[in-house]
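S.K.: Take a look at input_24.cif, mmCIF, C-alpha atoms:
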data_structure
#
loop_
_atom_site.group_PDB
_atom_site.id
_atom_site.type_symbol
_atom_site.label_atom_id
_atom_site.label_comp_id
_atom_site.auth_asym_id
_atom_site.auth_seq_id
_atom_site.Cartn_x
_atom_site.Cartn_y
_atom_site.Cartn_z
ATOM 1 C CA VAL Z 1 89.759 204.600 -153.087
ATOM 2 C CA GLU Z 2 91.469 206.533 -150.308
ATOM 3 C CA GLY Z 3 94.801 204.716 -150.561
ATOM 4 C CA VAL Z 4 95.333 205.554 -154.219
ATOM 5 C CA SER Z 5 94.036 209.117 -154.219
ATOM 6 C CA THR Z 6 95.373 210.521 -150.933
ATOM 7 C CA GLY Z 7 97.340 207.696 -149.315
ATOM 8 C CA TYR Z 8 97.566 206.735 -145.666
ATOM 9 C CA THR Z 9 99.726 208.530 -143.125
ATOM 10 C CA LYS Z 10 101.026 207.654 -139.670
ATOM 11 C CA LYS Z 11 102.869 210.283 -137.654
ATOM 12 C CA LEU Z 12 105.207 209.415 -134.801
ATOM 13 C CA GLU Z 13 106.912 211.651 -132.272
ATOM 14 C CA ILE Z 14 110.041 210.990 -130.239
ATOM 15 C CA VAL Z 15 110.101 212.130 -126.607
ATOM 16 C CA GLY Z 16 113.293 212.117 -124.570
ATOM 17 C CA VAL Z 17 116.442 214.136 -124.044
ATOM 18 C CA GLY Z 18 118.915 213.297 -126.797
ATOM 19 C CA TYR Z 19 116.466 211.059 -128.661
ATOM 20 C CA GLN Z 20 116.351 211.810 -132.379
ATOM 21 C CA ALA Z 21 115.736 210.430 -135.851
ATOM 22 C CA GLN Z 22 117.654 211.008 -139.069
ATOM 23 C CA LEU Z 23 116.894 210.150 -142.670
ATOM 24 C CA LYS Z 24 119.935 208.239 -143.928
ATOM 25 C CA LYS Z 25 119.002 207.381 -147.509
ATOM 26 C CA ALA Z 26 115.704 207.696 -149.326
ATOM 27 C CA ASN Z 27 113.437 205.549 -147.027
ATOM 28 C CA THR Z 28 115.997 204.586 -144.398
ATOM 29 C CA VAL Z 29 115.580 205.941 -140.869
ATOM 30 C CA ALA Z 30 118.311 205.947 -138.224
ATOM 31 C CA LEU Z 31 117.036 206.212 -134.646
ATOM 32 C CA GLN Z 32 119.121 207.322 -131.672
ATOM 33 C CA VAL Z 33 116.957 206.479 -128.687
ATOM 34 C CA GLY Z 34 119.233 205.833 -125.746
ATOM 35 C CA TYR Z 35 121.049 202.711 -126.938
ATOM 36 C CA ALA Z 36 124.777 202.530 -127.633
ATOM 37 C CA ASN Z 37 124.200 202.085 -131.367
ATOM 38 C CA GLN Z 38 121.768 203.560 -133.854
ATOM 39 C CA HIS Z 39 118.811 201.488 -135.023
ATOM 40 C CA VAL Z 40 118.620 201.665 -138.804
ATOM 41 C CA LEU Z 41 115.275 200.684 -140.337
ATOM 42 C CA GLU Z 42 114.585 200.501 -144.065
ATOM 43 C CA ALA Z 43 111.027 201.066 -145.253
ATOM 44 C CA PRO Z 44 109.429 198.380 -147.423
ATOM 45 C CA ALA Z 45 108.488 198.995 -151.054
ATOM 46 C CA GLY Z 46 105.540 201.337 -151.444
ATOM 47 C CA VAL Z 47 106.139 203.100 -148.129
ATOM 48 C CA SER Z 48 107.908 206.448 -147.902
ATOM 49 C CA VAL Z 49 109.384 207.982 -144.770
ATOM 50 C CA THR Z 50 110.084 211.649 -144.057
ATOM 51 C CA VAL Z 51 111.679 213.283 -141.037
ATOM 52 C CA PRO Z 52 110.447 216.914 -140.844
ATOM 53 C CA ASP Z 53 112.562 217.526 -137.743
ATOM 54 C CA ALA Z 54 114.632 215.428 -135.361
ATOM 55 C CA THR Z 55 111.690 214.442 -133.144
ATOM 56 C CA HIS Z 56 108.967 213.675 -135.713
ATOM 57 C CA ILE Z 57 108.627 210.887 -138.280
ATOM 58 C CA THR Z 58 105.968 210.627 -140.993
ATOM 59 C CA VAL Z 59 105.217 207.314 -142.711
ATOM 60 C CA LYS Z 60 103.165 207.483 -145.920
ATOM 61 C CA GLY Z 61 101.948 205.016 -148.497
ATOM 62 C CA ALA Z 62 99.021 203.608 -150.453
ATOM 63 C CA ASP Z 63 98.850 200.314 -148.526
ATOM 64 C CA LYS Z 64 97.231 200.842 -145.119
ATOM 65 C CA GLN Z 65 98.613 197.602 -143.688
ATOM 66 C CA ALA Z 66 102.206 198.283 -144.800
ATOM 67 C CA VAL Z 67 102.133 201.852 -143.428
ATOM 68 C CA GLY Z 68 100.787 200.689 -140.063
ATOM 69 C CA GLN Z 69 103.222 197.767 -139.886
ATOM 70 C CA PHE Z 70 106.278 199.934 -140.535
ATOM 71 C CA ALA Z 71 105.083 202.573 -138.052
ATOM 72 C CA ALA Z 72 104.682 199.806 -135.464
ATOM 73 C CA GLU Z 73 108.221 198.546 -136.188
ATOM 74 C CA ILE Z 74 109.598 202.050 -135.600
ATOM 75 C CA ARG Z 75 107.626 202.339 -132.358
ATOM 76 C CA ARG Z 76 108.827 198.905 -131.203
ATOM 77 C CA VAL Z 77 112.455 200.131 -131.075
ATOM 78 C CA ARG Z 78 111.647 202.182 -127.943
ATOM 79 C CA PRO Z 79 107.971 202.177 -126.892
ATOM 80 C CA PRO Z 80 106.889 204.905 -124.474
ATOM 81 C CA GLU Z 81 107.497 203.989 -120.866
ATOM 82 C CA PRO Z 82 105.057 204.900 -118.074
ATOM 83 C CA TYR Z 83 107.461 206.465 -115.555
ATOM 84 C CA LYS Z 84 109.119 209.299 -117.482
ATOM 85 C CA GLY Z 85 107.111 209.075 -120.709
ATOM 86 C CA LYS Z 86 110.213 208.754 -122.883
ATOM 87 C CA GLY Z 87 110.124 206.790 -126.124
ATOM 88 C CA ILE Z 88 108.533 206.744 -129.571
ATOM 89 C CA ARG Z 89 104.782 207.264 -129.663
ATOM 90 C CA TYR Z 90 102.101 207.926 -132.229
ATOM 91 C CA GLU Z 91 101.178 211.580 -132.575
ATOM 92 C CA GLY Z 92 98.351 212.324 -130.158
ATOM 93 C CA GLU Z 93 98.850 209.113 -128.160
ATOM 94 C CA VAL Z 94 98.366 209.592 -124.439
ATOM 95 C CA VAL Z 95 100.776 207.664 -122.230
ATOM 96 C CA ARG Z 96 99.409 206.857 -118.784
ATOM 97 C CA ARG Z 97 101.981 207.894 -116.221
ATOM 98 C CA LYS Z 98 102.761 205.980 -113.050
ATOM 99 C CA ALA Z 99 104.080 207.236 -109.735
ATOM 100 C CA GLY Z 100 107.641 206.129 -109.033
ATOM 101 C CA LYS Z 101 109.327 204.719 -105.944
ATOM 102 C CA ALA Z 102 108.795 207.881 -103.920
ATOM 103 C CA PHE Z 103 105.050 207.246 -103.926
ATOM 104 C CA GLY Z 104 105.384 203.763 -102.384
ATOM 105 C CA SER Z 105 107.693 204.777 -99.533
ATOM 106 C CA LYS Z 106 105.151 206.995 -97.764
#
Written as structure tokens, that's how I'd like the structure from this file.

M.R.:
Amino acid sequence: VEGVSTGYTKKLEIVGVGYQAQLKKANTVALQVGYANQHVLEAPAGVSVTVPDATHITVKGADKQAVGQFAAEIRRVRPPEPYKGKGIRYEGEVVRRKAGKAFGSK
């Protein structure tokens, strides 16, 4: 009975200059990730969101599917890209980096 006793947790981190997250209301996250406007996402019922600092987001809840789904929706706003590594990723996720144009010109 892990969901009821301890709950499930997904941690996300934001990588990029000027990229940040803010907690607007109780379970509403505003993301500034390089677009002209903020992306405001509201957590579903039973899922709580905390923002310990501007570059980390923690999603908690008793329902494993709902926690994972909402974490995936946050990540979908700006997934990590392979050239500079900027974007929203799960904590501990390794992003495979690619060589840019300079590599192909030699």

S.K.: Name the residues captured by the PyMOL selection byres ((chain Z and resi 3) around 10) when it is applied to the shown file; answer as a list in words.

M.R.: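 Checked against the file, the PyMOL selection byres ((chain Z and resi 3) around 10) matches Val1, Glu2, Val4, Ser5, Thr6, Gly7, Tyr8, Thr9, Lys60, Gly61, Ala62, Asp63 and Lys64 of chain Z.
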
S.K.: Show me the residues around (113.8, 205.1, -148.4) - criterion: an atom at most 10 Å away, all atoms listed in the file counted - as a short mmCIF file (atom, residue, chain, number, x, y, z; two decimals) with C-alpha atoms, in the frame of the given file.

M.R.:
data_model
loop_
_atom_site.label_atom_id
_atom_site.label_comp_id
_atom_site.auth_asym_id
_atom_site.auth_seq_id
_atom_site.Cartn_x
_atom_site.Cartn_y
_atom_site.Cartn_z
CA LEU Z 23 116.89 210.15 -142.67
CA LYS Z 24 119.94 208.24 -143.93
CA LYS Z 25 119.00 207.38 -147.51
CA ALA Z 26 115.70 207.70 -149.33
CA ASN Z 27 113.44 205.55 -147.03
CA THR Z 28 116.00 204.59 -144.40
CA VAL Z 29 115.58 205.94 -140.87
CA LEU Z 41 115.28 200.68 -140.34
CA GLU Z 42 114.58 200.50 -144.06
CA ALA Z 43 111.03 201.07 -145.25
CA PRO Z 44 109.43 198.38 -147.42
CA ALA Z 45 108.49 199.00 -151.05
CA GLY Z 46 105.54 201.34 -151.44
CA VAL Z 47 106.14 203.10 -148.13
CA SER Z 48 107.91 206.45 -147.90
CA VAL Z 49 109.38 207.98 -144.77
CA THR Z 50 110.08 211.65 -144.06
#

S.K.: Between Z:Thr58, Z:Gly16, Z:Ile74, Z:Ala99, which residue has the minimum interatomic distance to Ala30 (chain Z), considering only C-alpha atoms?

M.R.: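 So, comparing all the options, the nearest one is Z:Ile74.
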
S.K.: Between CA of Glu91 (chain Z) and CA of Lys10 (chain Z), measure the distance and give it in Å to one decimal.

M.R.: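 Interatomic distance, CA of Glu91 (chain Z) to CA of Lys10 (chain Z): 8.1 Å.
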
S.K.: Between CA of Pro82 (chain Z) and CA of Val51 (chain Z), what is the distance in Å, rounded to a tenth?

M.R.: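 Between CA of Pro82 (chain Z) and CA of Val51 (chain Z) the gap works out to 25.3 Å.
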
S.K.: Could you tell me which residues the PyMOL selection byres ((chain Z and resi 12) around 8) returns for this structure, as number ranges by chain?

M.R.: Z: 10-11, 13-14, 56-58, 71, 75, 88-91

S.K.: Using Å and a single decimal, report how far CA of Arg96 (chain Z) sits from CA of Ala66 (chain Z).

M.R.: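 A separation of 27.5 Å between them.
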
S.K.: Specify as a PDB file with C-alpha atoms, in the coordinates of the input each residue included when the PyMOL selection byres ((chain Z and resi 18) around 8) is applied to this file.

M.R.:
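Wrote selection_5.pdb, looks like this:
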ATOM      1  CA  GLY Z  16     113.293 212.117-124.570  1.00  0.00           C
ATOM      2  CA  VAL Z  17     116.442 214.136-124.044  1.00  0.00           C
ATOM      3  CA  TYR Z  19     116.466 211.059-128.661  1.00  0.00           C
ATOM      4  CA  GLN Z  20     116.351 211.810-132.379  1.00  0.00           C
ATOM      5  CA  GLN Z  32     119.121 207.322-131.672  1.00  0.00           C
ATOM      6  CA  VAL Z  33     116.957 206.479-128.687  1.00  0.00           C
ATOM      7  CA  GLY Z  34     119.233 205.833-125.746  1.00  0.00           C
TER       8      GLY Z  34
END

S.K.: Which of these residues is nearest to Glu73 (chain Z), using all atoms listed in the file: Z:Asp53, Z:Gln38, Z:Gln22, Z:Val59?

M.R.: Z:Val59

S.K.: Compare Z:Ala36, Z:Val15, Z:Pro79, Z:Ala72 by their minimum atom-to-atom distance to Ala54 (chain Z), counting only C-alpha atoms, and give me the closest one.

M.R.: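 Answer, going by the shortest atom-to-atom distance: Z:Val15.
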
S.K.: Could you put an axis-aligned box around every listed atom of region 80-94 of chain Z, padded by 5 Å on each side, and send me its centre and edge lengths in Å to one decimal, as lines of an AutoDock Vina configuration file?

M.R.:
center_x = 104.3
center_y = 208.2
center_z = -124.1
size_x = 21.9
size_y = 18.3
size_z = 27.0

S.K.: Given all atoms listed in the file as the basis, pick out the residue of Z:Leu31, Z:Val94, Z:Ala102, Z:Ala21 nearest to Pro80 (chain Z).

M.R.: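 Once distances to Pro80 (chain Z) are computed over all atoms listed in the file, the minimum belongs to Z:Val94.
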
S.K.: N, CA and C atoms are what I want for region 73-100 of chain Z; can you complete it accordingly and write them as a compact mmCIF listing (two decimals), keeping the file's coordinate frame?

M.R.:
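Contents of the output file rebuild_7.txt:
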# COMPACT_ATOMS: atom_id res chain seq x y z
N GLU Z 73 106.83 198.99 -136.32
CA GLU Z 73 108.22 198.55 -136.19
C GLU Z 73 109.10 199.68 -135.66
N ILE Z 74 108.84 200.90 -136.12
CA ILE Z 74 109.60 202.05 -135.60
C ILE Z 74 109.30 202.23 -134.12
N ARG Z 75 108.03 202.15 -133.75
CA ARG Z 75 107.63 202.34 -132.36
C ARG Z 75 108.20 201.24 -131.46
N ARG Z 76 108.34 200.03 -131.99
CA ARG Z 76 108.83 198.90 -131.20
C ARG Z 76 110.28 199.06 -130.77
N VAL Z 77 111.06 199.91 -131.45
CA VAL Z 77 112.46 200.13 -131.07
C VAL Z 77 112.54 200.67 -129.65
N ARG Z 78 111.68 201.64 -129.30
CA ARG Z 78 111.65 202.18 -127.94
C ARG Z 78 110.22 202.66 -127.65
N PRO Z 79 109.34 201.75 -127.20
CA PRO Z 79 107.97 202.18 -126.89
C PRO Z 79 107.95 203.12 -125.70
N PRO Z 80 106.93 203.96 -125.59
CA PRO Z 80 106.89 204.90 -124.47
C PRO Z 80 106.76 204.18 -123.13
N GLU Z 81 107.53 204.64 -122.17
CA GLU Z 81 107.50 203.99 -120.87
C GLU Z 81 106.68 204.84 -119.89
N PRO Z 82 106.04 204.20 -118.90
CA PRO Z 82 105.06 204.90 -118.07
C PRO Z 82 105.63 205.78 -116.97
N TYR Z 83 106.93 205.71 -116.68
CA TYR Z 83 107.46 206.46 -115.56
C TYR Z 83 107.91 207.87 -115.95
N LYS Z 84 108.68 207.98 -117.02
CA LYS Z 84 109.12 209.30 -117.48
C LYS Z 84 108.44 209.70 -118.78
N GLY Z 85 107.81 208.77 -119.47
CA GLY Z 85 107.11 209.08 -120.71
C GLY Z 85 108.02 209.13 -121.92
N LYS Z 86 109.27 208.70 -121.77
CA LYS Z 86 110.21 208.75 -122.88
C LYS Z 86 109.95 207.61 -123.85
N GLY Z 87 110.26 207.83 -125.12
CA GLY Z 87 110.12 206.79 -126.12
C GLY Z 87 109.51 207.31 -127.41
N ILE Z 88 109.14 206.40 -128.29
CA ILE Z 88 108.53 206.74 -129.57
C ILE Z 88 107.05 206.44 -129.47
N ARG Z 89 106.23 207.45 -129.76
CA ARG Z 89 104.78 207.26 -129.66
C ARG Z 89 104.12 207.81 -130.91
N TYR Z 90 102.89 207.37 -131.14
CA TYR Z 90 102.10 207.93 -132.23
C TYR Z 90 101.72 209.35 -131.85
N GLU Z 91 101.56 210.20 -132.86
CA GLU Z 91 101.18 211.58 -132.57
C GLU Z 91 99.77 211.61 -131.97
N GLY Z 92 99.63 212.26 -130.84
CA GLY Z 92 98.35 212.32 -130.16
C GLY Z 92 98.11 211.20 -129.17
N GLU Z 93 99.01 210.23 -129.10
CA GLU Z 93 98.85 209.11 -128.16
C GLU Z 93 99.09 209.62 -126.74
N VAL Z 94 98.25 209.20 -125.83
CA VAL Z 94 98.37 209.59 -124.44
C VAL Z 94 98.98 208.43 -123.67
N VAL Z 95 100.09 208.69 -123.01
CA VAL Z 95 100.78 207.66 -122.23
C VAL Z 95 100.39 207.83 -120.78
N ARG Z 96 99.83 206.80 -120.19
CA ARG Z 96 99.41 206.86 -118.78
C ARG Z 96 100.64 206.79 -117.90
N ARG Z 97 100.79 207.79 -117.06
CA ARG Z 97 101.98 207.89 -116.22
C ARG Z 97 101.74 207.21 -114.88
N LYS Z 98 102.82 206.64 -114.36
CA LYS Z 98 102.76 205.98 -113.05
C LYS Z 98 103.60 206.77 -112.06
N ALA Z 99 103.26 206.65 -110.79
CA ALA Z 99 104.08 207.24 -109.74
C ALA Z 99 105.27 206.33 -109.52
N GLY Z 100 106.41 206.90 -109.20
CA GLY Z 100 107.64 206.13 -109.03
C GLY Z 100 107.79 205.57 -107.63
